[in-house]
Every structure is written in structure tokens, then in C-alpha cells.
Amino acid sequence: MAKGTKMSVGGTVNAHIQQLGGGFMFSREAREYAAETGVAEFFGPYTRGRGGVLGDVDAEVVTAAFGFFPHQSIRAAWESVSMPAGKAAHRYALACQDFGRRKLGTFEAAARLAELLETVVAAADPAGLPLFAGWRAVPLPGDAPARVMQLAHVLRELRGGLHLIAVRAAGITPLQAVLISGSPLNDGPGQARWYGWPEPFQEITDEIRGAWQRAEAITDDLIEPAFSALGDEEGADLVRLVAAAHAATFAR
């Protein structure tokens with residue numbers, strides 16, 4: 001596969017991977033895990049579960065790994081949950097797996113998709129990516145539907161960590177990146193407020209927006225080697241099957 005084609009595979013699947021890998025975070029399975037922590041507010045269980053692979057560290061370590069959240073929000077959330085970090089990560093992984101079983105239990109190509117995703121995950125260099133490295137080390141379940149969802153989450157952490165590196169390399173701050181990109185649920189300022197960044201927010205200039213676009217391009221370049229592990233046919237299969245799994249997961 002030519003270099004440009006490999007890059008297009010990663011770019012094509014990116015949006016679907018982001019949504020697949022993060023979909024469980026708002027699921028009934030995640031709410032059951034959150035209830036076990038005894039903390040009703042979403043952000044605490046999310047922070048403890050997602051960051052639990054880092055171990056029982058100080059909140060500043062979690063802030064550094066998450067990157068796009070203000071330190072005061074992470075500290076309050078991290079310390080609000082008394083569940084040990086390792087247990088929280090384990091329960092969060094189970095929520096992800098159970099979400100996959102519920103959504104992709106009848107997805108006939110789950111085994112093939114899991115194989116392709118695992119190839120990409122295994123090929124990625126974890127240097128500078130503590131959340132990706134931590135989640136890649138979490139044992140995978142044996143059944144394909146759960147395996148697909150956990151691998152999508154791991155790949156989501158891969159791109160998120162690389163994007164944080166790219167944002168800093170492009171000379172913009174994490175807050176500026178949030179204000180520009182937002183999320184599927186919020187515009188940029190709305191997402192920044194939800195993360196807990198204090199207002200007023202600065203105006204996003206064309207120069208800052210251009211730097212963010214460079215960060216996006218850097219992210220694409222950094223993630224390319226992982227997708228380079230796939231051949232032509234495998235890349236085409238990945239694009240097709242990720243789109244099909246996304247449709248199955250979020251079908252109304």
C-alpha cells in the first residue's frame with residue numbers, strides 16, 4: 001500500500017474509532033460502574049476509571065496524561081472516588097467490554113475486525129503515551145464483540161495521546177485546542193466549560209486556528225506507522241468493518 005493510501009485509512013476510520021472507543025463512557029454499563037464507586041457525578045468515576053491504568057498516583061500525573069483538562073478539575077474528580085485505581089480501571093474495562101457485547105453481539109465480522117484492530121494496536125509505539133500504554137496492557141477479553149470495543153478504546157487513547165503531543169509541538173495550548181475542536185456533544189466553549197476551564201475564554205484567531213490545523217496534520221503523521229502494519233486488503237477491510245461496527249453500535 002502506498003504511503004498516502006495508508007494515511008487515508010487512518011484518517012477514514014478516525015471519526016468512527018473516536019466514537020466507538022468512547023461510546024461506552026455514557027452507557028448503562030458505565031453508569032453501573034459509576035454507581036459502584038458511590039459518586040453520582042459523572043466526571044469522578046470517568047477520571048478514576050480511564051486514568052486508573054496509571055496506578056494510585058497523584059492527580060498531577062493524571063492531569064499530565066489527560067492533557068486537555070484543567071488541573072483543578074482532575075484533582076477534584078480523581079480524589080472524589082475512593083475505589084483503588086487498579087480496580088477502577090478493571091471495572092471501566094468491564095463496562096467497555098459489556099457495552100461491546102450488547103451492541104456487537106450479532107455483528108458477524110467482529111472476529112475479523114478485532115484481528116485488524118489488534119494489529120494496529122500492537123504496531124503502535126507507546127513512547128510518550130502513558131494512557132495508551134496502560135490501556136494496551138489491560139488483558140483483552142476472549143469474545144470478539146467485547147474485544148472490538150476495548151481495542152477501539154485503546155486506539156482512541158493512541159490518537160488522543162499523539163494529538164496532545166502534536167498540539168504542544170504546534171505551539172498552542174490544550175485549552176486553545178479544546179476551544180477550536182469541541183466534541184460531538186458540545187461546541188468548543190461548551191466543551192471547555194464542561195471540562196472546568198475558567199472563563200472568560202480568549203478569542204481564537206486565524207493564527208491559532210492555523211496552528212491547530214498543523215497539529216491535526218502532525219497527529220496524522222504520528223499515527224501513520226501503526227496503520228502501516230496493514231496491507232492493502234487489510235486496510236480496505238478495516239475501513240469497511242469499522243464503518244459497519246459503528247452503524248451497528250449507534251443504530252437507533
# chains A, B, ... in the order shown; residues from 1 in each chain; ligands from 1
$ residues_around --residues "range 212-221 of chain A" --least-positions-apart "3" --cutoff "10 Å" --atoms "only C-alpha atoms" --output "short mmCIF file (atom, residue, chain, number, x, y, z; two decimals) with N, CA, C and O atoms, in the first residue's frame"
data_model
loop_
_atom_site.label_atom_id
_atom_site.label_comp_id
_atom_site.auth_asym_id
_atom_site.auth_seq_id
_atom_site.Cartn_x
_atom_site.Cartn_y
_atom_site.Cartn_z
N MET A 7 -2.15 6.45 4.98
CA MET A 7 -2.59 7.59 5.75
C MET A 7 -4.09 7.76 5.63
O MET A 7 -4.76 8.09 6.60
N SER A 8 -4.65 7.52 4.44
CA SER A 8 -6.07 7.70 4.25
C SER A 8 -6.88 6.68 5.05
O SER A 8 -7.99 6.96 5.46
N GLY A 10 -6.08 5.52 8.11
CA GLY A 10 -6.17 6.07 9.46
C GLY A 10 -7.11 7.26 9.53
O GLY A 10 -7.89 7.40 10.47
N GLY A 11 -7.05 8.13 8.53
CA GLY A 11 -7.93 9.29 8.51
C GLY A 11 -9.38 8.91 8.34
O GLY A 11 -10.28 9.50 8.94
N ASN A 14 -10.81 7.38 11.61
CA ASN A 14 -10.61 8.14 12.83
C ASN A 14 -11.92 8.51 13.53
O ASN A 14 -12.09 8.23 14.73
N ARG A 159 -4.63 7.89 19.62
CA ARG A 159 -4.74 9.16 18.90
C ARG A 159 -4.80 10.34 19.85
O ARG A 159 -4.22 11.40 19.59
N GLY A 160 -5.50 10.18 20.97
CA GLY A 160 -5.58 11.27 21.93
C GLY A 160 -4.22 11.66 22.47
O GLY A 160 -3.90 12.86 22.59
N GLY A 161 -3.40 10.68 22.80
CA GLY A 161 -2.07 10.97 23.30
C GLY A 161 -1.18 11.62 22.25
O GLY A 161 -0.43 12.56 22.54
N LEU A 162 -1.27 11.12 21.02
CA LEU A 162 -0.49 11.71 19.94
C LEU A 162 -0.95 13.14 19.64
O LEU A 162 -0.13 14.01 19.32
N HIS A 163 -2.25 13.37 19.75
CA HIS A 163 -2.76 14.71 19.48
C HIS A 163 -2.27 15.70 20.53
O HIS A 163 -1.97 16.86 20.21
N LEU A 164 -2.18 15.27 21.77
CA LEU A 164 -1.65 16.14 22.81
C LEU A 164 -0.21 16.54 22.49
O LEU A 164 0.17 17.71 22.61
N ILE A 165 0.60 15.58 22.06
CA ILE A 165 1.98 15.88 21.66
C ILE A 165 1.98 16.87 20.49
O ILE A 165 2.75 17.83 20.47
N ALA A 166 1.10 16.62 19.52
CA ALA A 166 1.06 17.47 18.32
C ALA A 166 0.63 18.89 18.65
O ALA A 166 1.14 19.86 18.10
N VAL A 167 -0.34 19.03 19.55
CA VAL A 167 -0.81 20.35 19.96
C VAL A 167 0.32 21.15 20.57
O VAL A 167 0.54 22.33 20.24
N ARG A 168 1.08 20.53 21.46
CA ARG A 168 2.19 21.24 22.08
C ARG A 168 3.27 21.57 21.05
O ARG A 168 3.86 22.65 21.09
N ALA A 169 3.51 20.65 20.11
CA ALA A 169 4.51 20.90 19.08
C ALA A 169 4.11 22.04 18.15
O ALA A 169 4.96 22.78 17.64
N ALA A 170 2.80 22.21 17.95
CA ALA A 170 2.31 23.27 17.08
C ALA A 170 2.28 24.63 17.77
O ALA A 170 1.99 25.65 17.13
N GLY A 171 2.57 24.66 19.06
CA GLY A 171 2.68 25.93 19.77
C GLY A 171 1.38 26.47 20.32
O GLY A 171 1.29 27.66 20.64
N ILE A 172 0.37 25.62 20.46
CA ILE A 172 -0.89 26.07 21.07
C ILE A 172 -1.10 25.31 22.38
O ILE A 172 -0.47 24.29 22.64
N THR A 173 -2.00 25.83 23.20
CA THR A 173 -2.26 25.22 24.49
C THR A 173 -3.39 24.20 24.38
O THR A 173 -4.21 24.26 23.44
N GLN A 176 -6.70 26.01 24.09
CA GLN A 176 -6.96 26.52 22.74
C GLN A 176 -7.45 25.40 21.82
O GLN A 176 -8.37 25.61 21.02
N ALA A 177 -6.86 24.23 21.95
CA ALA A 177 -7.30 23.10 21.13
C ALA A 177 -8.74 22.72 21.44
O ALA A 177 -9.53 22.43 20.53
N VAL A 178 -9.10 22.72 22.71
CA VAL A 178 -10.48 22.40 23.10
C VAL A 178 -11.44 23.45 22.55
O VAL A 178 -12.52 23.13 22.04
N ILE A 180 -11.24 25.17 19.94
CA ILE A 180 -11.41 25.03 18.49
C ILE A 180 -12.18 23.77 18.14
O ILE A 180 -13.11 23.80 17.32
N SER A 181 -11.81 22.65 18.76
CA SER A 181 -12.34 21.37 18.29
C SER A 181 -13.66 20.98 18.94
O SER A 181 -14.50 20.34 18.31
N ASP A 206 -7.18 33.51 13.56
CA ASP A 206 -6.81 32.68 12.41
C ASP A 206 -5.45 32.03 12.63
O ASP A 206 -5.22 30.89 12.19
N GLU A 207 -4.55 32.74 13.29
CA GLU A 207 -3.22 32.17 13.55
C GLU A 207 -3.31 30.95 14.46
O GLU A 207 -2.67 29.92 14.21
N ILE A 208 -4.11 31.04 15.51
CA ILE A 208 -4.28 29.91 16.42
C ILE A 208 -4.96 28.75 15.70
O ILE A 208 -4.57 27.59 15.84
N ARG A 209 -5.98 29.07 14.92
CA ARG A 209 -6.69 28.02 14.18
C ARG A 209 -5.75 27.33 13.19
O ARG A 209 -5.80 26.11 13.01
N GLU A 224 0.43 7.34 11.62
CA GLU A 224 0.56 6.57 10.39
C GLU A 224 1.31 5.26 10.55
O GLU A 224 0.89 4.24 10.01
N PRO A 225 2.45 5.21 11.28
CA PRO A 225 3.17 3.94 11.38
C PRO A 225 2.34 2.78 11.92
O PRO A 225 2.56 1.63 11.54
#
$ residues_around --residues "range 191-194 of chain A" --least-positions-apart "2" --cutoff "10 Å" --atoms "only C-alpha atoms" --output "list of chain:residue names"
A:Phe43, A:Phe68, A:Phe69, A:Pro70, A:Ser73, A:Leu175, A:Gln176, A:Ala177, A:Val178, A:Leu179, A:Ile180, A:Ser181, A:Gly182, A:Ser183, A:Pro184, A:Leu185, A:Asn186, A:Asp187, A:Gly188, A:Pro189, A:Gly196, A:Trp197, A:Pro198, A:Glu199, A:Phe201
$ select_by_dssp --residues "range 21-232 of chain A" --states "helix (DSSP H, G or I)" --output "ChimeraX atom specification"
/A:21-26,28-37,43-54,59-66,71-80,85-104,110-123,130-136,144-169,174-181,188-195,206-227,232
$ write_last_selection --atoms "C-alpha atoms" --output "compact mmCIF listing (two decimals), in the first residue's frame"
# COMPACT_ATOMS: atom_id res chain seq x y z
CA GLY A 21 -13.96 3.85 21.65
CA GLY A 22 -15.73 6.49 23.71
CA GLY A 23 -19.33 5.36 23.33
CA PHE A 24 -19.28 3.12 26.39
CA MET A 25 -18.38 6.06 28.63
CA PHE A 26 -22.02 7.23 28.58
CA ARG A 28 -25.72 1.92 31.08
CA GLU A 29 -22.68 -0.26 31.76
CA ALA A 30 -20.61 2.79 32.68
CA ARG A 31 -23.40 4.06 34.91
CA GLU A 32 -23.41 0.72 36.76
CA TYR A 33 -19.67 1.04 37.33
CA ALA A 34 -20.12 4.64 38.47
CA ALA A 35 -22.79 3.58 40.96
CA GLU A 36 -20.32 1.12 42.50
CA THR A 37 -17.92 3.99 43.23
CA PHE A 43 -16.61 13.12 35.99
CA GLY A 44 -15.17 11.42 39.08
CA PRO A 45 -15.82 7.81 38.02
CA TYR A 46 -14.76 8.65 34.45
CA THR A 47 -11.45 10.12 35.61
CA ARG A 48 -10.74 7.29 38.04
CA GLY A 49 -11.70 4.61 35.52
CA ARG A 50 -9.91 5.99 32.49
CA GLY A 51 -6.86 7.08 34.47
CA GLY A 52 -6.78 4.02 36.70
CA VAL A 53 -4.24 2.32 34.44
CA LEU A 54 -1.70 4.88 35.71
CA ALA A 59 -3.68 13.85 40.47
CA GLU A 60 -0.99 15.92 38.76
CA VAL A 61 0.18 12.77 36.99
CA VAL A 62 -3.35 12.17 35.73
CA THR A 63 -3.63 15.79 34.62
CA ALA A 64 -0.42 15.41 32.63
CA ALA A 65 -1.68 12.25 30.92
CA PHE A 66 -5.18 13.55 30.16
CA HIS A 71 -5.65 20.51 36.93
CA GLN A 72 -8.30 21.59 39.42
CA SER A 73 -10.99 19.54 37.66
CA ILE A 74 -8.82 16.44 37.51
CA ARG A 75 -7.76 16.68 41.14
CA ALA A 76 -11.32 17.11 42.38
CA ALA A 77 -12.54 14.21 40.23
CA TRP A 78 -9.61 11.87 40.92
CA GLU A 79 -9.81 12.37 44.66
CA SER A 80 -13.62 12.12 44.80
CA ALA A 85 -7.11 2.93 40.76
CA GLY A 86 -6.44 -0.62 39.58
CA LYS A 87 -9.94 -1.76 40.49
CA ALA A 88 -11.49 1.30 38.85
CA ALA A 89 -9.59 0.62 35.62
CA HIS A 90 -10.67 -3.03 35.74
CA ARG A 91 -14.33 -2.10 36.23
CA TYR A 92 -14.09 0.52 33.49
CA ALA A 93 -12.67 -2.11 31.14
CA LEU A 94 -15.53 -4.47 32.03
CA ALA A 95 -18.03 -1.71 31.25
CA CYS A 96 -16.39 -1.23 27.86
CA GLN A 97 -16.45 -4.98 27.19
CA ASP A 98 -20.08 -5.40 28.24
CA PHE A 99 -21.07 -2.46 26.06
CA GLY A 100 -19.39 -4.24 23.14
CA ARG A 101 -21.23 -7.47 23.87
CA ARG A 102 -24.57 -5.67 23.99
CA LYS A 103 -24.01 -3.61 20.85
CA LEU A 104 -21.98 -6.01 18.68
CA ALA A 110 -16.45 -8.95 14.88
CA ALA A 111 -13.65 -11.52 14.89
CA ARG A 112 -12.09 -10.15 11.70
CA LEU A 113 -12.40 -6.56 12.91
CA ALA A 114 -10.83 -7.44 16.25
CA GLU A 115 -7.91 -9.04 14.42
CA LEU A 116 -7.31 -5.94 12.32
CA LEU A 117 -7.61 -3.54 15.26
CA GLU A 118 -5.23 -5.65 17.31
CA THR A 119 -2.66 -5.50 14.51
CA VAL A 120 -2.74 -1.70 14.56
CA VAL A 121 -2.63 -1.53 18.36
CA ALA A 122 0.34 -3.89 18.54
CA ALA A 123 2.27 -1.93 15.90
CA PRO A 130 1.09 6.66 29.15
CA LEU A 131 -2.67 6.19 28.80
CA PHE A 132 -2.29 4.24 25.57
CA ALA A 133 0.46 2.10 27.08
CA GLY A 134 -1.62 1.49 30.21
CA TRP A 135 -4.74 0.52 28.32
CA ARG A 136 -2.84 -1.64 25.86
CA ALA A 144 -14.84 -10.78 19.65
CA PRO A 145 -17.58 -8.18 20.31
CA ALA A 146 -16.05 -7.17 23.65
CA ARG A 147 -12.57 -7.32 22.13
CA VAL A 148 -13.53 -4.93 19.32
CA MET A 149 -14.84 -2.33 21.73
CA GLN A 150 -11.83 -2.47 24.05
CA LEU A 151 -9.41 -2.23 21.12
CA ALA A 152 -11.34 0.76 19.77
CA HIS A 153 -10.93 2.40 23.17
CA VAL A 154 -7.19 1.65 23.15
CA LEU A 155 -6.84 3.18 19.67
CA ARG A 156 -8.79 6.21 20.86
CA GLU A 157 -6.19 6.64 23.60
CA LEU A 158 -3.44 6.30 21.00
CA ARG A 159 -4.74 9.16 18.90
CA GLY A 160 -5.58 11.27 21.93
CA GLY A 161 -2.07 10.97 23.30
CA LEU A 162 -0.49 11.71 19.94
CA HIS A 163 -2.76 14.71 19.48
CA LEU A 164 -1.65 16.14 22.81
CA ILE A 165 1.98 15.88 21.66
CA ALA A 166 1.06 17.47 18.32
CA VAL A 167 -0.81 20.35 19.96
CA ARG A 168 2.19 21.24 22.08
CA ALA A 169 4.51 20.90 19.08
CA PRO A 174 -4.59 22.35 25.33
CA LEU A 175 -7.32 24.89 26.15
CA GLN A 176 -6.96 26.52 22.74
CA ALA A 177 -7.30 23.10 21.13
CA VAL A 178 -10.48 22.40 23.10
CA LEU A 179 -11.95 25.80 22.18
CA ILE A 180 -11.41 25.03 18.49
CA SER A 181 -12.34 21.37 18.29
CA GLY A 188 -15.62 24.41 21.76
CA PRO A 189 -16.56 26.86 24.53
CA GLY A 190 -19.24 24.48 25.80
CA GLN A 191 -16.73 21.66 25.97
CA ALA A 192 -14.22 23.87 27.77
CA ARG A 193 -16.85 24.81 30.35
CA TRP A 194 -17.77 21.16 30.84
CA TYR A 195 -14.09 20.32 31.42
CA ASP A 206 -6.81 32.68 12.41
CA GLU A 207 -3.22 32.17 13.55
CA ILE A 208 -4.28 29.91 16.42
CA ARG A 209 -6.69 28.02 14.18
CA GLY A 210 -3.92 27.51 11.63
CA ALA A 211 -1.64 26.13 14.34
CA TRP A 212 -4.39 23.71 15.39
CA GLN A 213 -4.73 22.53 11.81
CA ARG A 214 -0.99 21.88 11.80
CA ALA A 215 -1.46 19.87 14.98
CA GLU A 216 -4.09 17.76 13.24
CA ALA A 217 -1.67 17.09 10.39
CA ILE A 218 1.11 16.20 12.84
CA THR A 219 -1.24 13.80 14.61
CA ASP A 220 -1.99 12.09 11.30
CA ASP A 221 1.73 11.76 10.61
CA LEU A 222 2.45 10.36 14.07
CA ILE A 223 -0.28 7.72 13.92
CA GLU A 224 0.56 6.57 10.39
CA PRO A 225 3.17 3.94 11.38
CA ALA A 226 0.58 1.98 13.35
CA PHE A 227 -1.72 1.70 10.33
CA ASP A 232 -3.90 -3.18 1.05
$ residues_around --residues "Val239 in chain A" --least-positions-apart "6" --cutoff "7 Å" --atoms "only C-alpha atoms" --output "short mmCIF file (atom, residue, chain, number, x, y, z; two decimals) with N, CA, C and O atoms, in the first residue's frame"
data_model
loop_
_atom_site.label_atom_id
_atom_site.label_comp_id
_atom_site.auth_asym_id
_atom_site.auth_seq_id
_atom_site.Cartn_x
_atom_site.Cartn_y
_atom_site.Cartn_z
N VAL A 9 -6.32 5.49 5.29
CA VAL A 9 -7.02 4.51 6.11
C VAL A 9 -7.19 5.05 7.54
O VAL A 9 -8.29 5.04 8.09
N THR A 12 -9.63 7.90 7.50
CA THR A 12 -11.00 7.49 7.24
C THR A 12 -11.66 6.88 8.46
O THR A 12 -12.84 7.13 8.73
N VAL A 13 -10.92 6.08 9.21
CA VAL A 13 -11.52 5.40 10.37
C VAL A 13 -11.51 6.25 11.63
O VAL A 13 -12.16 5.89 12.62
#
$ atom_distance --atom1 "CA of Leu20 in chain A" --atom2 "CA of His246 in chain A"
6.3 Å
$ atom_distance --atom1 "CA of Ala124 in chain A" --atom2 "CA of Gly67 in chain A"
19.8 Å
$ atom_distance --atom1 "CA of Phe250 in chain A" --atom2 "CA of Ala236 in chain A"
21.6 Å
$ decode --residues "range 199-243 of chain A" --atoms "N, CA and C atoms" --output "compact mmCIF listing (two decimals), in the first residue's frame"
# COMPACT_ATOMS: atom_id res chain seq x y z
N GLU A 199 -13.61 30.80 32.76
CA GLU A 199 -13.84 31.87 31.78
C GLU A 199 -13.30 33.20 32.34
N PRO A 200 -13.13 34.20 31.48
CA PRO A 200 -13.51 34.26 30.07
C PRO A 200 -12.48 33.55 29.17
N PHE A 201 -12.98 33.03 28.05
CA PHE A 201 -12.10 32.37 27.10
C PHE A 201 -11.58 33.37 26.08
N GLN A 202 -10.35 33.14 25.63
CA GLN A 202 -9.75 34.03 24.66
C GLN A 202 -10.40 33.86 23.29
N GLU A 203 -10.25 34.86 22.47
CA GLU A 203 -10.71 34.77 21.10
C GLU A 203 -9.75 33.89 20.30
N ILE A 204 -10.31 33.02 19.49
CA ILE A 204 -9.49 32.15 18.65
C ILE A 204 -9.22 32.86 17.33
N THR A 205 -7.98 33.21 17.12
CA THR A 205 -7.58 33.93 15.91
C THR A 205 -7.30 32.97 14.77
N ASP A 206 -7.18 33.51 13.56
CA ASP A 206 -6.81 32.68 12.41
C ASP A 206 -5.45 32.03 12.63
N GLU A 207 -4.55 32.74 13.29
CA GLU A 207 -3.22 32.17 13.55
C GLU A 207 -3.31 30.95 14.46
N ILE A 208 -4.11 31.04 15.51
CA ILE A 208 -4.28 29.91 16.42
C ILE A 208 -4.96 28.75 15.70
N ARG A 209 -5.98 29.07 14.92
CA ARG A 209 -6.69 28.02 14.18
C ARG A 209 -5.75 27.33 13.19
N GLY A 210 -4.88 28.10 12.55
CA GLY A 210 -3.92 27.51 11.63
C GLY A 210 -2.95 26.59 12.35
N ALA A 211 -2.54 26.98 13.55
CA ALA A 211 -1.64 26.13 14.34
C ALA A 211 -2.35 24.83 14.73
N TRP A 212 -3.63 24.93 15.06
CA TRP A 212 -4.39 23.71 15.39
C TRP A 212 -4.49 22.79 14.18
N GLN A 213 -4.70 23.35 13.02
CA GLN A 213 -4.73 22.53 11.81
C GLN A 213 -3.39 21.84 11.56
N ARG A 214 -2.29 22.53 11.88
CA ARG A 214 -0.99 21.88 11.80
C ARG A 214 -0.89 20.74 12.80
N ALA A 215 -1.46 20.94 13.98
CA ALA A 215 -1.46 19.87 14.98
C ALA A 215 -2.22 18.65 14.49
N GLU A 216 -3.34 18.88 13.81
CA GLU A 216 -4.09 17.76 13.24
C GLU A 216 -3.24 17.00 12.23
N ALA A 217 -2.52 17.73 11.39
CA ALA A 217 -1.67 17.09 10.39
C ALA A 217 -0.52 16.32 11.05
N ILE A 218 0.05 16.89 12.11
CA ILE A 218 1.11 16.20 12.84
C ILE A 218 0.57 14.92 13.47
N THR A 219 -0.63 14.99 14.02
CA THR A 219 -1.24 13.80 14.61
C THR A 219 -1.38 12.70 13.57
N ASP A 220 -1.85 13.07 12.39
CA ASP A 220 -1.99 12.09 11.30
C ASP A 220 -0.65 11.46 10.96
N ASP A 221 0.39 12.28 10.92
CA ASP A 221 1.73 11.76 10.61
C ASP A 221 2.22 10.81 11.70
N LEU A 222 1.96 11.17 12.96
CA LEU A 222 2.45 10.36 14.07
C LEU A 222 1.74 9.01 14.17
N ILE A 223 0.48 8.96 13.78
CA ILE A 223 -0.28 7.72 13.92
C ILE A 223 -0.11 6.79 12.71
N GLU A 224 0.43 7.34 11.62
CA GLU A 224 0.56 6.57 10.39
C GLU A 224 1.31 5.26 10.55
N PRO A 225 2.45 5.21 11.28
CA PRO A 225 3.17 3.94 11.38
C PRO A 225 2.34 2.78 11.92
N ALA A 226 1.41 3.06 12.82
CA ALA A 226 0.58 1.98 13.35
C ALA A 226 -0.29 1.37 12.25
N PHE A 227 -0.89 2.21 11.41
CA PHE A 227 -1.72 1.70 10.33
C PHE A 227 -0.90 1.11 9.20
N SER A 228 0.39 1.43 9.16
CA SER A 228 1.26 0.87 8.14
C SER A 228 1.45 -0.63 8.31
N ALA A 229 1.07 -1.15 9.46
CA ALA A 229 1.17 -2.60 9.68
C ALA A 229 0.15 -3.37 8.85
N LEU A 230 -0.84 -2.68 8.29
CA LEU A 230 -1.86 -3.31 7.48
C LEU A 230 -1.49 -3.28 6.00
N GLY A 231 -1.79 -4.34 5.31
CA GLY A 231 -1.62 -4.35 3.87
C GLY A 231 -2.84 -3.76 3.17
N ASP A 232 -2.82 -3.78 1.85
CA ASP A 232 -3.90 -3.18 1.05
C ASP A 232 -5.27 -3.77 1.41
N GLU A 233 -5.36 -5.08 1.36
CA GLU A 233 -6.64 -5.73 1.61
C GLU A 233 -7.07 -5.54 3.06
N GLU A 234 -6.13 -5.61 3.97
CA GLU A 234 -6.45 -5.42 5.38
C GLU A 234 -6.93 -3.99 5.65
N GLY A 235 -6.28 -3.02 5.03
CA GLY A 235 -6.71 -1.64 5.20
C GLY A 235 -8.12 -1.41 4.69
N ALA A 236 -8.43 -1.97 3.52
CA ALA A 236 -9.78 -1.84 2.98
C ALA A 236 -10.80 -2.51 3.88
N ASP A 237 -10.44 -3.68 4.41
CA ASP A 237 -11.35 -4.38 5.33
C ASP A 237 -11.58 -3.55 6.59
N LEU A 238 -10.52 -2.94 7.10
CA LEU A 238 -10.67 -2.14 8.32
C LEU A 238 -11.63 -0.98 8.11
N VAL A 239 -11.46 -0.26 7.02
CA VAL A 239 -12.35 0.86 6.73
C VAL A 239 -13.80 0.40 6.66
N ARG A 240 -14.03 -0.68 5.95
CA ARG A 240 -15.39 -1.19 5.76
C ARG A 240 -15.99 -1.69 7.08
N LEU A 241 -15.22 -2.45 7.83
CA LEU A 241 -15.76 -3.08 9.04
C LEU A 241 -15.91 -2.10 10.19
N VAL A 242 -15.02 -1.12 10.29
CA VAL A 242 -15.19 -0.10 11.33
C VAL A 242 -16.47 0.68 11.08
N ALA A 243 -16.73 1.03 9.82
CA ALA A 243 -17.96 1.75 9.49
C ALA A 243 -19.19 0.90 9.82
